[in-house]
file data.csv (CSV, C-alpha atoms and all ligand atoms)
chain,number,residue,atom,x,y,z
J,892,MET,CA,14.2,-4.1,-24.8
J,893,ASP,CA,13.4,-1.6,-27.5
J,894,ASP,CA,13.0,1.7,-25.6
J,895,LEU,CA,11.7,3.5,-28.7
J,896,LYS,CA,8.5,1.5,-28.3
J,897,TYR,CA,8.0,3.4,-25.1
J,898,GLY,CA,9.4,6.8,-25.8
J,899,VAL,CA,11.4,9.0,-28.1
J,900,ARG,CA,15.1,10.0,-28.3
J,901,ASP,CA,16.1,13.5,-29.4
J,902,LYS,CA,19.1,14.5,-31.5
J,903,ARG,CA,21.3,14.7,-28.4
J,904,GLY,CA,20.5,11.2,-27.3
J,905,ASP,CA,18.2,12.1,-24.4
J,906,TRP,CA,15.2,9.7,-24.1
J,907,LYS,CA,11.8,10.6,-22.8
J,908,PRO,CA,8.8,8.5,-22.2
J,909,ASN,CA,5.6,8.7,-24.3
J,910,GLY,CA,2.4,9.8,-22.7
J,911,ARG,CA,1.9,11.8,-19.5
J,912,ILE,CA,2.8,11.1,-15.9
J,913,GLU,CA,-0.4,10.0,-14.3
J,914,GLY,CA,-0.9,10.9,-10.7
J,915,ALA,CA,-2.7,8.5,-8.4
J,916,PRO,CA,-6.3,8.0,-9.7
J,917,LEU,CA,-7.6,8.7,-6.1
J,918,TRP,CA,-8.3,12.3,-7.0
J,919,ASN,CA,-10.3,11.8,-10.2
J,920,TRP,CA,-13.9,12.9,-10.0
J,921,PRO,CA,-16.1,10.9,-10.2
J,922,PRO,CA,-14.0,8.2,-8.6
J,923,ARG,CA,-13.5,5.1,-10.7
J,924,LEU,CA,-13.0,2.0,-8.6
J,925,PRO,CA,-11.6,-0.2,-11.4
J,926,LYS,CA,-8.9,2.4,-12.1
J,927,ILE,CA,-8.0,2.6,-8.4
J,928,LEU,CA,-7.9,-1.2,-8.1
J,929,ALA,CA,-5.6,-1.4,-11.2
J,930,TRP,CA,-3.3,1.3,-9.7
J,931,LEU,CA,-3.1,-0.3,-6.2
J,932,PRO,CA,-0.7,-3.2,-7.0
J,933,GLY,CA,1.9,-0.8,-8.4
J,934,TYR,CA,1.5,1.4,-5.3
J,935,ILE,CA,2.5,-1.5,-3.1
J,936,TRP,CA,4.8,-3.5,-5.3
J,937,PRO,CA,7.7,-3.5,-5.5
J,938,TRP,CA,9.0,-0.3,-3.8
J,939,ASN,CA,6.7,0.2,-0.8
J,940,ALA,CA,6.7,-3.6,-0.1
J,941,PHE,CA,10.5,-3.4,0.0
J,942,HIS,CA,10.4,-0.6,2.5
J,943,MET,CA,8.1,-2.6,4.7
J,944,VAL,CA,10.3,-5.7,4.5
J,945,THR,CA,13.4,-3.6,5.5
J,946,ALA,CA,11.4,-2.0,8.4
J,947,LEU,CA,10.5,-5.5,9.7
J,948,LEU,CA,14.1,-6.7,9.3
J,949,TYR,CA,15.3,-3.7,11.3
J,950,TRP,CA,12.8,-4.2,14.0
J,951,PHE,CA,13.4,-7.9,14.5
J,952,TYR,CA,17.2,-8.1,13.9
J,953,ILE,CA,18.8,-4.7,14.1
J,954,VAL,CA,17.0,-2.4,16.6
J,955,PRO,CA,18.2,-3.0,20.2
J,956,GLY,CA,15.8,-4.0,23.0
J,957,VAL,CA,13.5,-1.5,24.6
J,958,GLU,CA,15.6,-1.4,27.9
J,959,THR,CA,18.7,-0.4,25.9
J,960,MET,CA,16.9,2.3,24.0
J,961,LYS,CA,15.7,4.0,27.1
J,962,THR,CA,19.1,5.6,27.4
J,963,ILE,CA,20.8,7.2,24.4
J,964,SER,CA,24.3,6.0,24.0
J,965,TRP,CA,27.0,5.9,21.3
J,966,GLY,CA,26.9,2.1,21.2
J,967,TRP,CA,23.5,1.5,19.7
J,968,ALA,CA,23.5,4.8,17.8
J,969,LEU,CA,26.8,3.9,16.0
J,970,TRP,CA,25.4,0.4,15.4
J,971,LEU,CA,22.3,1.8,13.7
J,972,TYR,CA,24.5,4.2,11.7
J,973,ALA,CA,26.7,1.3,10.5
J,974,VAL,CA,23.7,-0.7,9.4
J,975,ASN,CA,22.1,2.2,7.7
J,976,ALA,CA,25.3,3.0,5.8
J,977,ALA,CA,25.9,-0.6,4.9
J,978,ALA,CA,22.3,-1.1,3.7
J,979,ILE,CA,22.5,2.0,1.5
J,980,LEU,CA,25.9,1.0,0.2
J,981,VAL,CA,24.4,-2.3,-0.9
J,982,PHE,CA,21.0,-1.1,-2.0
J,983,TYR,CA,22.0,2.0,-3.9
J,984,GLY,CA,25.3,0.2,-4.9
J,985,ILE,CA,23.3,-2.4,-6.8
J,986,PHE,CA,21.8,0.3,-9.1
J,987,GLU,CA,25.1,2.2,-9.3
J,988,LEU,CA,27.1,-1.0,-10.2
J,989,ARG,CA,24.6,-2.4,-12.7
J,990,TYR,CA,23.4,0.8,-14.5
J,991,TYR,CA,26.3,3.3,-14.0
J,992,ILE,CA,29.5,1.3,-13.7
J,993,LYS,CA,28.8,-1.8,-15.8
J,994,ARG,CA,26.2,0.1,-17.8
J,995,ALA,CA,24.3,-3.1,-18.4
J,996,GLN,CA,21.5,-1.2,-20.0
J,997,ALA,CA,23.7,1.3,-21.8
J,998,THR,CA,21.4,4.4,-22.4
J,999,ARG,CA,18.2,2.5,-23.0
J,1000,PHE,CA,15.4,4.3,-21.1
J,1001,LYS,CA,18.0,6.8,-19.9
J,1002,TYR,CA,16.7,10.4,-19.7
J,1003,ASN,CA,20.1,12.1,-20.0
J,1004,HIS,CA,22.4,10.4,-22.4
J,1005,LYS,CA,25.5,11.4,-20.3
J,1006,PHE,CA,26.8,9.5,-17.4
J,1007,PRO,CA,28.0,11.7,-14.5
J,1008,ALA,CA,31.4,9.9,-14.3
J,1009,ASP,CA,32.1,11.2,-17.9
J,1010,ALA,CA,31.4,14.8,-16.9
J,1011,PRO,CA,33.8,16.3,-14.3
J,1012,SER,CA,32.6,19.6,-12.9
J,1013,ASP,CA,33.9,22.3,-10.6
J,1014,VAL,CA,30.7,22.4,-8.6
J,1015,PHE,CA,31.6,19.1,-7.0
J,1016,TRP,CA,34.1,18.1,-4.4
J,1017,PHE,CA,37.2,16.7,-6.3
J,1018,GLN,CA,35.3,17.7,-9.4
J,1019,SER,CA,33.5,14.4,-9.3
J,1020,GLN,CA,29.7,14.1,-8.9
J,1021,ASN,CA,30.0,10.5,-7.8
J,1022,LEU,CA,32.6,11.1,-5.1
J,1023,ASP,CA,31.0,14.3,-3.9
J,1024,ASN,CA,27.5,12.7,-3.7
J,1025,PHE,CA,28.9,9.6,-2.1
J,1026,LEU,CA,30.8,11.4,0.6
J,1027,ARG,CA,27.9,13.8,1.4
J,1028,SER,CA,25.5,10.8,1.7
J,1029,PHE,CA,27.6,8.7,4.0
J,1030,PHE,CA,29.2,11.4,6.2
J,1031,ILE,CA,26.4,14.0,6.4
J,1032,THR,CA,23.0,12.7,5.5
J,1033,ILE,CA,23.1,9.1,6.8
J,1034,PRO,CA,24.4,10.2,10.2
J,1035,LEU,CA,21.4,12.7,10.3
J,1036,TRP,CA,19.0,9.9,9.3
J,1037,THR,CA,20.4,7.9,12.2
J,1038,VAL,CA,19.9,10.9,14.6
J,1039,VAL,CA,16.2,11.0,13.7
J,1040,GLU,CA,16.0,7.2,14.2
J,1041,VAL,CA,17.6,7.3,17.6
J,1042,ILE,CA,15.4,10.1,18.8
J,1043,PHE,CA,12.1,8.5,17.8
J,1044,LEU,CA,13.1,5.0,19.1
J,1045,TRP,CA,14.2,6.6,22.4
J,1046,CYS,CA,10.8,8.4,22.7
J,1047,PHE,CA,8.9,5.2,22.1
J,1048,ALA,CA,11.1,3.2,24.5
J,1049,ASN,CA,10.5,5.7,27.3
J,1050,GLY,CA,6.8,5.9,26.7
J,1051,TYR,CA,7.0,9.6,25.9
J,1052,VAL,CA,4.6,9.0,23.1
J,1053,PRO,CA,1.7,6.5,22.6
J,1054,TRP,CA,2.9,3.1,21.4
J,1055,VAL,CA,-0.1,1.5,19.6
J,1056,GLY,CA,0.1,-2.3,19.7
J,1057,TRP,CA,-0.5,-4.5,16.6
J,1058,GLN,CA,-2.7,-6.9,18.6
J,1059,ASP,CA,-4.9,-4.0,19.8
J,1060,HIS,CA,-5.3,-2.0,16.7
J,1061,PRO,CA,-4.2,-3.9,13.6
J,1062,VAL,CA,-6.5,-2.2,11.2
J,1063,TYR,CA,-5.6,1.2,12.3
J,1064,LEU,CA,-1.9,0.5,12.0
J,1065,ALA,CA,-2.3,-1.2,8.6
J,1066,ALA,CA,-4.1,1.9,7.4
J,1067,LEU,CA,-1.3,4.1,8.8
J,1068,VAL,CA,1.2,2.0,6.8
J,1069,LEU,CA,-0.9,2.5,3.7
J,1070,ILE,CA,-1.0,6.3,4.1
J,1071,ALA,CA,2.6,6.7,5.2
J,1072,PRO,CA,3.8,7.3,1.6
J,1073,ALA,CA,1.2,10.1,1.4
J,1074,ILE,CA,2.6,11.6,4.7
J,1075,HIS,CA,6.0,11.5,3.0
J,1076,GLU,CA,4.7,13.3,-0.1
J,1077,VAL,CA,3.1,16.1,1.9
J,1078,HIS,CA,6.1,16.5,4.3
J,1079,PHE,CA,8.6,16.4,1.4
J,1080,PHE,CA,6.6,18.9,-0.7
J,1081,PHE,CA,6.5,21.5,1.9
J,1082,ILE,CA,10.0,21.3,3.2
J,1083,HIS,CA,11.2,21.1,-0.4
J,1084,ARG,CA,9.1,24.1,-1.5
J,1085,LEU,CA,10.5,26.0,1.5
J,1086,ILE,CA,14.1,25.4,0.6
J,1087,HIS,CA,13.5,26.5,-2.9
J,1088,TRP,CA,12.9,30.1,-1.6
J,1089,GLY,CA,15.9,32.2,-2.8
J,1090,PRO,CA,18.1,32.6,0.3
J,1091,LEU,CA,17.4,29.1,1.6
J,1092,TYR,CA,18.0,27.7,-1.8
J,1093,ARG,CA,21.4,29.2,-2.1
J,1094,TRP,CA,22.3,28.3,1.5
J,1095,ILE,CA,20.9,24.8,1.7
J,1096,HIS,CA,19.2,23.2,-1.3
J,1097,SER,CA,21.7,24.2,-4.0
J,1098,VAL,CA,23.9,21.4,-2.8
J,1099,HIS,CA,21.4,18.8,-3.9
J,1100,HIS,CA,20.7,20.5,-7.2
J,1101,ASN,CA,24.3,20.5,-8.2
J,1102,SER,CA,23.4,17.2,-9.7
J,1103,ILE,CA,21.4,18.3,-12.8
J,1104,ASN,CA,21.9,14.8,-14.2
J,1105,PRO,CA,21.2,12.8,-11.0
J,1106,SER,CA,22.4,9.2,-10.4
J,1107,PRO,CA,21.9,6.9,-7.4
J,1108,TRP,CA,24.4,8.6,-5.1
J,1109,SER,CA,22.7,12.0,-5.7
J,1110,SER,CA,19.6,10.8,-3.8
J,1111,LEU,CA,21.0,11.6,-0.4
J,1112,SER,CA,23.5,14.2,-1.4
J,1113,MET,CA,22.2,17.0,0.8
J,1114,HIS,CA,23.1,20.0,2.9
J,1115,PRO,CA,22.9,19.0,6.6
J,1116,VAL,CA,19.7,21.1,7.2
J,1117,GLU,CA,18.0,19.3,4.3
J,1118,GLY,CA,19.3,15.9,5.4
J,1119,PHE,CA,17.8,16.3,8.8
J,1120,LEU,CA,14.5,17.9,7.7
J,1121,TYR,CA,14.0,15.2,5.0
J,1122,HIS,CA,14.3,12.3,7.4
J,1123,ALA,CA,12.4,14.2,10.2
J,1124,VAL,CA,9.3,12.9,8.4
J,1125,ALA,CA,9.4,10.0,10.8
J,1126,PHE,CA,8.7,12.4,13.7
J,1127,TRP,CA,5.1,12.6,12.5
J,1128,HIS,CA,4.7,9.2,14.3
J,1129,LEU,CA,5.5,10.9,17.6
J,1130,ILE,CA,2.5,13.1,17.0
J,1131,ILE,CA,0.1,10.7,15.4
J,1132,PRO,CA,-0.5,7.7,17.7
J,1133,SER,CA,1.7,5.0,16.0
J,1134,ASN,CA,4.1,2.2,16.4
J,1135,PRO,CA,7.9,2.1,16.0
J,1136,ILE,CA,7.7,-0.3,13.1
J,1137,VAL,CA,5.5,2.1,11.2
J,1138,ALA,CA,7.9,5.0,12.1
J,1139,LEU,CA,10.7,2.9,10.7
J,1140,PHE,CA,8.7,2.2,7.5
J,1141,GLN,CA,8.2,6.0,7.2
J,1142,LEU,CA,11.9,6.6,7.6
J,1143,HIS,CA,12.8,3.9,5.0
J,1144,VAL,CA,10.3,5.4,2.5
J,1145,ALA,CA,12.5,8.5,2.8
J,1146,GLY,CA,16.0,7.1,3.1
J,1147,PHE,CA,15.8,4.1,0.8
J,1148,GLY,CA,13.0,5.5,-1.3
J,1149,ALA,CA,15.1,8.6,-2.2
J,1150,VAL,CA,16.8,6.6,-4.9
J,1151,ASN,CA,13.6,6.3,-6.9
J,1152,GLY,CA,13.7,9.9,-8.1
J,1153,HIS,CA,17.4,9.7,-9.0
J,1154,LEU,CA,17.8,6.5,-10.9
J,1155,GLY,CA,18.0,8.3,-14.2
J,1156,PHE,CA,16.4,5.5,-16.1
J,1157,ASP,CA,12.6,5.2,-16.7
J,1158,LYS,CA,12.6,1.4,-16.7
J,1159,LEU,CA,15.1,-1.0,-15.2
J,1160,GLU,CA,15.3,-4.0,-17.5
J,1161,VAL,CA,15.2,-7.3,-15.6
J,1162,THR,CA,15.0,-9.7,-18.5
J,1163,GLU,CA,14.7,-9.3,-22.3
J,1164,GLU,CA,10.9,-8.8,-21.9
J,1165,THR,CA,10.4,-7.5,-18.4
J,1166,ALA,CA,11.3,-4.3,-16.7
J,1167,VAL,CA,10.5,-2.5,-13.4
J,1168,ASN,CA,9.2,1.1,-13.6
J,1169,SER,CA,11.5,3.4,-11.7
J,1170,HIS,CA,9.0,6.2,-11.1
J,1171,ALA,CA,12.0,8.5,-11.6
J,1172,TYR,CA,10.7,10.8,-14.3
J,1173,THR,CA,8.8,13.3,-12.2
J,1174,HIS,CA,11.8,14.1,-10.0
J,1175,TYR,CA,14.1,14.0,-13.0
J,1176,LEU,CA,12.1,16.9,-14.4
J,1177,HIS,CA,12.6,18.7,-11.1
J,1178,HIS,CA,16.4,18.4,-11.4
J,1179,LYS,CA,16.2,19.5,-15.0
J,1180,TYR,CA,13.9,22.5,-14.6
J,1181,PHE,CA,14.2,23.2,-10.9
J,1182,GLU,CA,10.8,24.9,-10.4
J,1183,VAL,CA,8.4,22.1,-11.2
J,1184,ASN,CA,7.4,18.9,-9.5
J,1185,TYR,CA,8.3,19.7,-5.9
J,1186,GLY,CA,6.5,16.6,-4.6
J,1187,GLY,CA,6.8,13.0,-5.8
J,1188,ASP,CA,4.6,11.0,-8.1
J,1189,GLY,CA,1.4,12.9,-7.5
J,1190,LEU,CA,0.1,10.5,-4.8
J,1191,ILE,CA,-1.2,13.7,-3.3
J,1192,PRO,CA,-1.4,16.1,-6.3
J,1193,LEU,CA,0.1,19.1,-4.5
J,1194,ASP,CA,2.0,20.2,-7.5
J,1195,ARG,CA,-1.2,20.2,-9.5
J,1196,TRP,CA,-3.0,22.2,-6.8
J,1197,PHE,CA,-0.2,24.8,-6.6
J,1198,GLY,CA,0.3,25.0,-10.4
J,1199,THR,CA,3.8,23.6,-10.5
J,1200,TRP,CA,3.0,20.2,-12.1
J,1201,HIS,CA,5.0,19.1,-15.2
J,1202,ASP,CA,3.5,15.9,-16.5
J,1203,GLY,CA,6.2,15.3,-19.0
J,1204,THR,CA,4.2,16.3,-22.1
J,1205,ARG,CA,4.5,19.2,-24.4
J,1206,GLU,CA,1.5,20.8,-22.7
J,1207,GLY,CA,3.3,20.4,-19.4
J,1208,GLU,CA,6.3,22.2,-20.9
J,1209,ALA,CA,4.1,25.0,-22.2
J,1210,MET,CA,2.5,25.5,-18.9
J,1211,MET,CA,5.9,25.7,-17.2
J,1212,ASP,CA,7.2,28.2,-19.8
J,1213,ALA,CA,4.1,30.4,-19.4
J,1214,ARG,CA,4.7,30.4,-15.6
J,1215,PHE,CA,8.4,31.3,-16.0
J,1216,GLN,CA,7.5,34.1,-18.5
J,1217,LYS,CA,5.0,35.6,-16.0
J,1218,LYS,CA,7.6,35.4,-13.2
J,1219,LYS,CA,10.1,37.2,-15.4
J,1220,GLU,CA,7.5,39.9,-16.2
J,1221,ARG,CA,6.8,40.4,-12.5
J,1222,MET,CA,10.5,40.7,-11.7
J,1223,ASN,CA,11.0,43.2,-14.6
J,1224,ALA,CA,8.0,45.3,-13.4
J,1225,ARG,CA,9.6,45.5,-10.0
J,1226,ALA,CA,13.0,46.5,-11.2
K,1301,ZN,ZN,16.6,15.2,-6.1
K,1302,ZN,ZN,14.7,20.9,-5.4

call {"tool": "encode", "arguments": {"input": "data.csv", "output": "structure tokens", "more": "lines below"}}
Ligand SMILES: [Zn+2]
Ligand SMILES: [Zn+2]
result
Amino acid sequence: MDDLKYGVRDKRGDWKPNGRIEGAPLWNWPPRLPKILAWLPGYIWPWNAFHMVTALLYWFYIVPGVETMKTISWGWALWLYAVNAAAILVFYGIFELRYYIKRAQATRFKYNHKFPADAPSDVFWFQSQNLDNFLRSFFITIPLWTVVEVIFLWCFANGYVPWVGWQDHPVYLAALVLIAPAIHEVHFFFIHRLIHWGPLYRWIHSVHHNSINPSPWSSLSMHPVEGFLYHAVAFWHLIIPSNPIVALFQLHVAGFGAVNGHLGFDKLEVTEETAVNSHAYTHYLHHKYFEVNYGGDGLIPLDRWFGTWHDGTREGEAMMDARFQKKKERMNARA
């Protein structure tokens, strides 16, 4: 595909999409139903549908029986870890293999013209972004994802929290599934904003930001505190009356969905004419500029409300620069 029909490439070779990043049209006033209906399929397909399918597969084939889960034990905890790790190895691995190892798409639709493998750096373990990000994902973050999973399954199994049945309240649970990505957005925005506060940033979140040019393995490359807080989004289903399948869906939106922001390509070519939108640009800008786009795609436009939204346009850039300038002046005035 010709990526210059969809964006521009600068002298360095970095590509950026035309137009602005549009948040969900749910917040436009007056509300426009046709726009919302046109947006809805992209909200469900393919990414959220995929997270639902994996949640169902887990529930029916992976998660042990309720009797087993009443008692926490290494057996089923390690089993869940093994499946989580294998699933991420395959799912993220497909993107890594196709777009970063085989480079099937070269730099078409690629925001940063460089590939991490070509840029060794001292900030990473073994000077390798790939190896560093991979080891942190599999030996720090995925174990903590599993800890969250074991805790909520154990709570449901023991009846410590309400377990809403699909037969009893199908509409309620379906609605909860639909708003789960919004719960993710709010949870992520606030923990993310928190760990951008100076001391916490240096202690915790700088690990994730070492990858200025993120690739699939960067998605879950986190400090343990962040790795736990990020997946703890599933604990909302211990507070809201819910069902373990919905909690699993919530967990998968976080764990599997993290890759979306870190794909590095705006579109993933499937055939000569068709491509899947990655939704990666918003978070790519966060990795590039740090203090913009703390949330996701603008499903809940928190960044807009807090004045930290960068929509990928020149105006977005100017707004960010003005904010940085003001911050500098404030700091100079204090000094
Ligand atoms: Zn990131
Ligand atoms: Zn950040």

call {"tool": "residues_near_ligand", "arguments": {"input": "data.csv", "ligand": "ligand ZN 1302 (chain K)", "cutoff": "7 Å", "atoms": "only C-alpha atoms and all ligand atoms", "output": "ChimeraX atom specification"}}
result
/J:1083,1087,1096,1100,1177-1178,1181,1185

call {"tool": "residues_near_point", "arguments": {"input": "data.csv", "point": "(27.5, 13.4, -4.4)", "cutoff": "9 Å", "atoms": "only C-alpha atoms", "output": "PDB file with C-alpha atoms, in the coordinates of the input"}}
result
ATOM      1  CA  PHE J1015      31.600  19.100  -7.000  1.00  0.00           C
ATOM      2  CA  TRP J1016      34.100  18.100  -4.400  1.00  0.00           C
ATOM      3  CA  SER J1019      33.500  14.400  -9.300  1.00  0.00           C
ATOM      4  CA  GLN J1020      29.700  14.100  -8.900  1.00  0.00           C
ATOM      5  CA  ASN J1021      30.000  10.500  -7.800  1.00  0.00           C
ATOM      6  CA  LEU J1022      32.600  11.100  -5.100  1.00  0.00           C
ATOM      7  CA  ASP J1023      31.000  14.300  -3.900  1.00  0.00           C
ATOM      8  CA  ASN J1024      27.500  12.700  -3.700  1.00  0.00           C
ATOM      9  CA  PHE J1025      28.900   9.600  -2.100  1.00  0.00           C
ATOM     10  CA  LEU J1026      30.800  11.400   0.600  1.00  0.00           C
ATOM     11  CA  ARG J1027      27.900  13.800   1.400  1.00  0.00           C
ATOM     12  CA  SER J1028      25.500  10.800   1.700  1.00  0.00           C
ATOM     13  CA  VAL J1098      23.900  21.400  -2.800  1.00  0.00           C
ATOM     14  CA  HIS J1099      21.400  18.800  -3.900  1.00  0.00           C
ATOM     15  CA  ASN J1101      24.300  20.500  -8.200  1.00  0.00           C
ATOM     16  CA  SER J1102      23.400  17.200  -9.700  1.00  0.00           C
ATOM     17  CA  SER J1106      22.400   9.200 -10.400  1.00  0.00           C
ATOM     18  CA  TRP J1108      24.400   8.600  -5.100  1.00  0.00           C
ATOM     19  CA  SER J1109      22.700  12.000  -5.700  1.00  0.00           C
ATOM     20  CA  SER J1110      19.600  10.800  -3.800  1.00  0.00           C
ATOM     21  CA  LEU J1111      21.000  11.600  -0.400  1.00  0.00           C
ATOM     22  CA  SER J1112      23.500  14.200  -1.400  1.00  0.00           C
ATOM     23  CA  MET J1113      22.200  17.000   0.800  1.00  0.00           C
TER      24      MET J1113
END

call {"tool": "residues_around", "arguments": {"input": "data.csv", "residues": "Asp901 (chain J)", "least_positions_apart": "5", "cutoff": "10 Å", "atoms": "all atoms listed in the file", "output": "list in words"}}
result
Trp906, Lys907 and His1004 of chain J

call {"tool": "closest_residue", "arguments": {"input": "data.csv", "among": "J:Lys1158, J:His1153, J:Lys1179, J:His1201", "to": "ligand ZN 1301 (chain K)", "atoms": "all atoms listed in the file"}}
result
J:His1153

call {"tool": "residues_around", "arguments": {"input": "data.csv", "residues": "region 1068-1082 of chain J", "least_positions_apart": "6", "cutoff": "8 Å", "atoms": "all atoms listed in the file", "output": "PyMOL selection string"}}
result
chain J and resi 1120-1121+1124+1137+1140-1141+1144-1145+1185-1187+1190-1191+1193

call {"tool": "closest_residue", "arguments": {"input": "data.csv", "among": "J:Asn919, J:Asn1151, J:Ser1133, J:Ser1169", "to": "ligand ZN 1301 (chain K)", "atoms": "only C-alpha atoms and all ligand atoms"}}
result
J:Asn1151

call {"tool": "atom_distance", "arguments": {"input": "data.csv", "atom1": "CA of Asn1003 (chain J)", "atom2": "CA of Leu1154 (chain J)"}}
result
10.9 Å

call {"tool": "atom_distance", "arguments": {"input": "data.csv", "atom1": "CA of Met1211 (chain J)", "atom2": "CA of Trp1196 (chain J)"}}
result
14.1 Å

call {"tool": "closest_residue", "arguments": {"input": "data.csv", "among": "J:Trp936, J:Phe1047, J:Tyr952, J:Tyr1180", "to": "ligand ZN 1301 (chain K)", "atoms": "all atoms listed in the file"}}
result
J:Tyr1180

call {"tool": "residues_around", "arguments": {"input": "data.csv", "residues": "Glu1208 (chain J)", "least_positions_apart": "4", "cutoff": "12 Å", "atoms": "only C-alpha atoms", "output": "list in words"}}
result
Arg911, Leu1176, Lys1179, Tyr1180, Glu1182, Val1183, Asn1184, Thr1199, Trp1200, His1201, Asp1202, Gly1203, Thr1204, Asp1212, Ala1213, Arg1214 and Phe1215 of chain J

call {"tool": "residues_around", "arguments": {"input": "data.csv", "residues": "Trp1045 (chain J)", "least_positions_apart": "4", "cutoff": "6 Å", "atoms": "all atoms listed in the file", "output": "NGL selection string"}}
result
:J and (960-961 or 1041)

call {"tool": "closest_atom_pairs", "arguments": {"input": "data.csv", "of": "region 1111-1194 of chain J", "to": "region 980-992 of chain J", "cutoff": "9 Å", "atoms": "only C-alpha atoms", "output": "Markdown table"}}
result
| residue | atom | partner | partner_atom | distance |
| --- | --- | --- | --- | --- |
| J:Phe1147 | CA | J:Phe982 | CA | 7.9 |
| J:Val1150 | CA | J:Tyr983 | CA | 7.0 |
| J:Leu1154 | CA | J:Phe986 | CA | 7.6 |
| J:Phe1156 | CA | J:Tyr990 | CA | 8.6 |
| J:Leu1159 | CA | J:Tyr990 | CA | 8.5 |

call {"tool": "atom_distance", "arguments": {"input": "data.csv", "atom1": "CA of Phe1017 (chain J)", "atom2": "CA of Arg999 (chain J)"}}
result
29.0 Å

call {"tool": "residues_around", "arguments": {"input": "data.csv", "residues": "Glu1163 (chain J)", "least_positions_apart": "5", "cutoff": "12 Å", "atoms": "all atoms listed in the file", "output": "number ranges by chain"}}
result
J: 892-894, 996
